[in-house]
Each structure stands twice: as C-alpha cells, then as structure tokens.
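S.K.: Can you read through this structure? Questions will come right after.
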Amino acid sequence: MANEARPCPCELGDRIEYGGLGQELQIDHIQAYVVKPDTASDKAVIVIQDIFGWQLPNTRYMADMLAANGYIAVCPDFFVGKEPWNPSHDWSGFQAWLEDKKPTNINKEVDAVLRFLKEQCGAKHIGVVGFCWGGIATHYLALQYPEVRAGVSVYGIVREREDRYELKCPTLFIFGEKDIVIPLDQVELLESKLKEKCTVDHRVKIFPGQTHGFVHRKREDINPSDKPSIQEARSDMLKWLNKYM
C-alpha cells in the first residue's frame with residue numbers, strides 16, 4: 001500500500017475559505033457534509049475527499065456544484081476524525097501519516113453512507129466522485145460495489161490490487177498531463193489494461209498542461225489559461241454521471 005497514495009502538491013492558495021451551501025450531519029459513526037438540490041431527487045453522489053480532509057472548501061464546492069445539478073451530494077469524513085494532512089507538515093512523514101488512512105480501507109464508512117442515502121434520502125441511483133486520495137478510493141469502490149451506478153476518479157489510481165482493471169461500474173478517469181504525482185506512463189498503462197480487461201464502459205482522459213488538483217480548484221484560484229480545461233473536466237464529470245445515473 002505504500003504506493004497507493006502520494007503527496008498531493010496542492011497549493012495553500014487553493015484552500016481559502018468557502019461558504020458551503022449544505023450542512024454537517026452525523027451519519028452512523030462519521031460526520032458528513034450534505035447538500036441537497038432545490039427540487040426532490042432520487043440521485044445521489046458520494047464525494048470523496050483528498051488528503052486535506054472532508055472540510056476542505058474546494059471539495060465542498062464540488063459537492064455544492066453537484067447539488068446545483070440535481071444530485072444529493074454527501075462528503076463524509078473518511079478519515080473518521082483523524083487529522084487530515086496539512087501542507088505545513090514535513091512530507092517525509094507522509095507515508096506514516098497515511099498508514100491508518102488507506103483509501104482502500106473504507107468499506108465500513110461507505111456502507112454507512114449508502115444506508116443513509118437509501119433509507120433517509122430516498123436515493124435509488126448512487127454515484128461516486130473522488131479527488132486525489134478520493135480518486136484512488138473511487139477506483140476502489142468501482143471494483144467493489146456493483147450497486148454504484150457511475151464513478152469519476154479524478155487524479156487517482158489503485159496501483160496494487162490484482163483486480164484493479166475489473167471495474168463493476170462505468171468509470172471516468174481524469175488526469176492532468178503535468179501531474180507530478182501520477183506520471184503519464186502509469187496513466188497510459190491504466191488505459192491499455194482497461195481496454196484489455198474491463199467489460200464495463202470506461203474512459204481515461206488526460207488534460208494537456210494541467211497539474212494535480214486542477215479539477216477541484218476554487219473559482220477564486222483559477223488562472224484564465226486553465227479555466228477552459230477545468231470547465232471541460234467538470235462538464236465531463238456531470239455528463240458521465242448524467243449518462244449512467
């Protein structure tokens with residue numbers, strides 16, 4: 001598991017405060033940020049955090065965006081109260097920090113969230129979107145949960161499971177060409193192996209010139225030159241969810 005997640009070189013400027021539109025709730029043994037659309041919906045998306053945790057404004061912004069497009073969005077604390085990574089931490093300690101926060105060890109939390117969405121929110125169609133650490137978790141859930149209708153893994157790859165190409169649900173993978181966390185050769189291997197072994201719909205898309213963290217960058221932090229790629233990636237995410245949910 002040492003290679004399942006690597007340091008996320010997100011900038012401190014990406015973490016400025018953002019006023020979320022939802023509310024924090026207790027779901028079984030975990031807290032979660034939940035935001036609902038203006039009109040009733042039976043479609044829900046589990047939004048999975050990056051290494052900076054469930055309270056990162058950027059990730060909540062993505063949940064708000066999904067709700068604005070008709071989805072119940074829930075962003076649980078998959079670290080279950082443990083301290084998220086902080087950019088001020090020494091990266092030499094990253095693997096030790098990660099040891100009890102494996103993105104492939106979240107079944108208990110996912111099961112609780114699925115129950116909440118089905119029993120308390122009336123969700124009948126459920127998808128998953130995740131970023132960085134959450135992108136790995138999304139890839140993992142796409143291998144484990146046939147009831148998930150669609151997955152969008154944003155800069156995340158499960159690297160060490162033998163069955164990592166045997167997706168159970170349609171999954172879109174989004175990467176940045178200039179991502180130093182996930183080299184292009186790993187992305188190209190993923191794409192070729194999925195074509196060879198995967199029996200459900202999938203797509204791997206690489207955005208030229210983009211770096212790690214570009215899709216869930218907040219609007220205040222978006223450079224004009226990056227904006228078209230960011231908007232396209234978000235549009236791709238929504239189109240994928242709409243198609244399969």
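Lettering and numbering for the structure tokens are positional, with chains as A, B, ... in the shown order, residues counted from 1 in each chain, and ligands counted from 1 in the shown order.
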Would you list, as number ranges by chain, the residues of stretch 55-226 of chain A that end up in helix (DSSP H, G or I) under DSSP run on this structure's backbone?

M.R.: A: 57-68, 91-98, 107-119, 133-144, 184-197, 219-221

S.K.: Each residue of stretch 53-157 of chain A with at least one atom at most 10 Å from stretch 193-202 of chain A should appear once, together with its nearest atom pair and the corresponding distance in Å (one decimal); atoms considered: only C-alpha atoms; ordering: chain, then increasing residue number; output as CSV.

M.R.:
residue,atom,partner,partner_atom,distance
A:Ala150,CA,A:Asp201,CA,9.6
A:Gly151,CA,A:His202,CA,9.3
A:Val152,CA,A:His202,CA,9.7

S.K.: Could you write out that same residue set with N, CA, C and O atoms as a CSV table (one decimal), in the first residue's frame?

M.R.:
chain,number,residue,atom,x,y,z
A,150,ALA,N,-22.1,4.8,-11.3
A,150,ALA,CA,-21.1,5.5,-12.0
A,150,ALA,C,-20.0,6.0,-11.1
A,150,ALA,O,-20.3,6.4,-10.0
A,151,GLY,N,-18.8,6.1,-11.6
A,151,GLY,CA,-17.7,6.6,-10.8
A,151,GLY,C,-16.9,7.6,-11.6
A,151,GLY,O,-16.8,7.4,-12.9
A,152,VAL,N,-16.4,8.7,-11.0
A,152,VAL,CA,-15.5,9.6,-11.6
A,152,VAL,C,-14.3,9.7,-10.7
A,152,VAL,O,-14.4,10.3,-9.6

S.K.: Per DSSP on the backbone, filter stretch 150-221 of chain A down to the residues in strand (DSSP E or B) and report them as number ranges by chain.

M.R.: A: 150-154, 171-176, 202-207

S.K.: Between atom CA of A:Ser225 and atom CA of A:Asp185, measure the distance and give it in Å to one decimal.

M.R.: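 These two atoms are separated by 25.4 Å.
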
S.K.: Quick one: of A:Pro76, A:Gly156, A:Gly135, A:Pro87, who's nearest to A:Lys108, counting only C-alpha atoms?

M.R.: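 Looking at the shortest contact to A:Lys108, the residue is A:Pro76.
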
S.K.: Which residues of stretch 113-224 of chain A come within 7 Å of stretch 40-50 of chain A, and what is each one's closest atom pair and distance in Å (one decimal), counting only C-alpha atoms, sorted by chain and residue number, as CSV?

M.R.:
residue,atom,partner,partner_atom,distance
A:Gly122,CA,A:Asp42,CA,5.8
A:Ala123,CA,A:Asp42,CA,4.2
A:Lys124,CA,A:Asp42,CA,5.3
A:His125,CA,A:Lys43,CA,4.8
A:Ile126,CA,A:Ala44,CA,4.8
A:Gly127,CA,A:Val45,CA,4.6
A:Val128,CA,A:Ile46,CA,4.7
A:Val129,CA,A:Val47,CA,5.0
A:Gly130,CA,A:Ile48,CA,4.4
A:Phe131,CA,A:Asp50,CA,5.3
A:Cys132,CA,A:Asp50,CA,5.1
A:Trp133,CA,A:Asp50,CA,4.7
A:Gly134,CA,A:Ile48,CA,4.6

S.K.: Let me make sure I understand: among A:Leu98, A:Trp54, A:Gln210, A:Leu21, which one has the smallest atom-to-atom distance to A:Ile222 if we use only C-alpha atoms?

M.R.: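 Of A:Leu98, A:Trp54, A:Gln210, A:Leu21, the one nearest A:Ile222, counting only C-alpha atoms, is A:Gln210.
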
S.K.: Between stretch 170-208 of chain A and stretch 233-237 of chain A, at 12 Å or less, what are the per-residue closest atom pairs and their distances in Å? Count only C-alpha atoms, order by chain and rising residue number, and return it as a tab-separated table.

M.R.:
residue	atom	partner	partner_atom	distance
A:Thr171	CA	A:Met237	CA	10.0
A:Leu172	CA	A:Met237	CA	7.6
A:Phe173	CA	A:Met237	CA	9.3
A:Ile174	CA	A:Ala233	CA	7.4
A:Phe175	CA	A:Ala233	CA	9.3
A:Gly176	CA	A:Ala233	CA	10.1
A:Arg203	CA	A:Asp236	CA	10.5
A:Val204	CA	A:Asp236	CA	11.2
A:Lys205	CA	A:Ala233	CA	8.9
A:Ile206	CA	A:Ala233	CA	9.6
A:Phe207	CA	A:Ala233	CA	8.1
A:Pro208	CA	A:Ala233	CA	11.5

S.K.: Keeping only N, CA and C atoms, take the residues you just selected and write them out as a PDB file, in the first residue's frame.

M.R.:
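Written file, again20.pdb:
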ATOM      1  N   THR A 171     -16.791   3.952 -15.305  1.00  0.00           N
ATOM      2  CA  THR A 171     -15.896   4.854 -14.565  1.00  0.00           C
ATOM      3  C   THR A 171     -15.119   5.747 -15.518  1.00  0.00           C
ATOM      4  N   LEU A 172     -15.120   7.022 -15.200  1.00  0.00           N
ATOM      5  CA  LEU A 172     -14.337   8.019 -15.918  1.00  0.00           C
ATOM      6  C   LEU A 172     -13.119   8.368 -15.074  1.00  0.00           C
ATOM      7  N   PHE A 173     -11.937   8.318 -15.682  1.00  0.00           N
ATOM      8  CA  PHE A 173     -10.694   8.711 -15.020  1.00  0.00           C
ATOM      9  C   PHE A 173     -10.193  10.010 -15.645  1.00  0.00           C
ATOM     10  N   ILE A 174      -9.920  11.003 -14.806  1.00  0.00           N
ATOM     11  CA  ILE A 174      -9.441  12.307 -15.273  1.00  0.00           C
ATOM     12  C   ILE A 174      -8.050  12.564 -14.702  1.00  0.00           C
ATOM     13  N   PHE A 175      -7.132  12.974 -15.563  1.00  0.00           N
ATOM     14  CA  PHE A 175      -5.750  13.249 -15.147  1.00  0.00           C
ATOM     15  C   PHE A 175      -5.246  14.542 -15.790  1.00  0.00           C
ATOM     16  N   GLY A 176      -4.239  15.134 -15.152  1.00  0.00           N
ATOM     17  CA  GLY A 176      -3.537  16.262 -15.728  1.00  0.00           C
ATOM     18  C   GLY A 176      -2.216  15.801 -16.330  1.00  0.00           C
ATOM     19  N   ARG A 203     -13.511   5.410 -19.452  1.00  0.00           N
ATOM     20  CA  ARG A 203     -12.776   6.385 -20.259  1.00  0.00           C
ATOM     21  C   ARG A 203     -11.639   6.953 -19.424  1.00  0.00           C
ATOM     22  N   VAL A 204     -10.501   7.123 -20.044  1.00  0.00           N
ATOM     23  CA  VAL A 204      -9.351   7.781 -19.420  1.00  0.00           C
ATOM     24  C   VAL A 204      -9.084   9.050 -20.221  1.00  0.00           C
ATOM     25  N   LYS A 205      -9.118  10.182 -19.550  1.00  0.00           N
ATOM     26  CA  LYS A 205      -8.929  11.457 -20.251  1.00  0.00           C
ATOM     27  C   LYS A 205      -7.804  12.256 -19.593  1.00  0.00           C
ATOM     28  N   ILE A 206      -6.879  12.698 -20.400  1.00  0.00           N
ATOM     29  CA  ILE A 206      -5.730  13.474 -19.927  1.00  0.00           C
ATOM     30  C   ILE A 206      -5.866  14.907 -20.425  1.00  0.00           C
ATOM     31  N   PHE A 207      -5.742  15.852 -19.533  1.00  0.00           N
ATOM     32  CA  PHE A 207      -5.866  17.263 -19.892  1.00  0.00           C
ATOM     33  C   PHE A 207      -4.480  17.882 -20.058  1.00  0.00           C
ATOM     34  N   PRO A 208      -4.147  18.322 -21.274  1.00  0.00           N
ATOM     35  CA  PRO A 208      -2.819  18.886 -21.553  1.00  0.00           C
ATOM     36  C   PRO A 208      -2.501  20.085 -20.663  1.00  0.00           C
TER      37      PRO A 208
END

S.K.: Give me, as an MDAnalysis selection string, all polymer residues having an atom no more than 8 Å from A:Gly53, counting only C-alpha atoms and skipping those fewer than 6 positions away in the same chain.

M.R.: chainID A and resid 77:79 83:85

S.K.: Rounded to one decimal, what separation in Å do you get between atom CA of A:Tyr155 and atom CA of A:Ile136?

M.R.: 7.8 Å

S.K.: Give me the residues near stretch 28-32 of chain A as a CSV table (one decimal) with all heavy atoms, in the first residue's frame, where near means some atom within 7 Å (using only C-alpha atoms) and where sequence neighbours in that chain fewer than 4 positions away do not count.

M.R.:
chain,number,residue,atom,x,y,z
A,24,GLU,N,-23.6,20.0,8.1
A,24,GLU,CA,-22.8,18.9,8.6
A,24,GLU,C,-23.8,18.0,9.4
A,24,GLU,O,-24.5,18.5,10.3
A,24,GLU,CB,-21.7,19.4,9.5
A,24,GLU,CG,-20.6,20.1,8.6
A,24,GLU,CD,-19.4,20.5,9.4
A,24,GLU,OE1,-19.4,20.2,10.7
A,24,GLU,OE2,-18.5,21.2,8.9
A,74,VAL,N,-23.1,14.1,-0.8
A,74,VAL,CA,-22.6,13.8,0.6
A,74,VAL,C,-21.1,13.6,0.6
A,74,VAL,O,-20.6,12.8,-0.2
A,74,VAL,CB,-23.3,12.6,1.2
A,74,VAL,CG1,-23.2,11.4,0.4
A,74,VAL,CG2,-22.8,12.4,2.7
A,75,CYS,N,-20.4,14.4,1.4
A,75,CYS,CA,-19.0,14.4,1.5
A,75,CYS,C,-18.6,13.9,3.0
A,75,CYS,O,-18.6,14.7,3.9
A,75,CYS,CB,-18.4,15.7,1.2
A,75,CYS,SG,-16.6,15.8,1.3
A,76,PRO,N,-18.4,12.6,3.2
A,76,PRO,CA,-18.2,12.1,4.5
A,76,PRO,C,-16.7,12.3,5.0
A,76,PRO,O,-15.8,12.5,4.1
A,76,PRO,CB,-18.5,10.6,4.4
A,76,PRO,CG,-19.1,10.4,3.0
A,76,PRO,CD,-18.6,11.5,2.2
A,77,ASP,N,-16.5,12.2,6.2
A,77,ASP,CA,-15.2,12.3,6.8
A,77,ASP,C,-14.6,10.8,6.8
A,77,ASP,O,-14.7,10.1,7.7
A,77,ASP,CB,-15.2,12.8,8.2
A,77,ASP,CG,-13.8,12.8,8.9
A,77,ASP,OD1,-12.8,12.6,8.1
A,77,ASP,OD2,-13.8,12.9,10.1
A,80,VAL,N,-12.5,9.6,9.5
A,80,VAL,CA,-13.2,9.2,10.8
A,80,VAL,C,-12.6,10.0,12.0
A,80,VAL,O,-12.2,9.4,13.0
A,80,VAL,CB,-13.2,7.7,11.0
A,80,VAL,CG1,-14.3,7.4,12.1
A,80,VAL,CG2,-13.5,7.0,9.7
A,112,ALA,N,-22.1,2.7,5.6
A,112,ALA,CA,-23.0,3.6,6.4
A,112,ALA,C,-23.6,4.7,5.5
A,112,ALA,O,-24.8,5.0,5.7
A,112,ALA,CB,-22.1,4.2,7.5

S.K.: Skip A:Lys82 itself and residues of its chain fewer than 6 positions away, then list as a ChimeraX atom specification all residues within 10 Å of it, counting only C-alpha atoms.

M.R.: /A:53,97,100-101

S.K.: Would you compute the distance between atom CA of A:Tyr145 and atom CA of A:Leu167? Give it in Å to one decimal.

M.R.: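 If I compute the distance from atom CA of A:Tyr145 to atom CA of A:Leu167, I get 9.2 Å.
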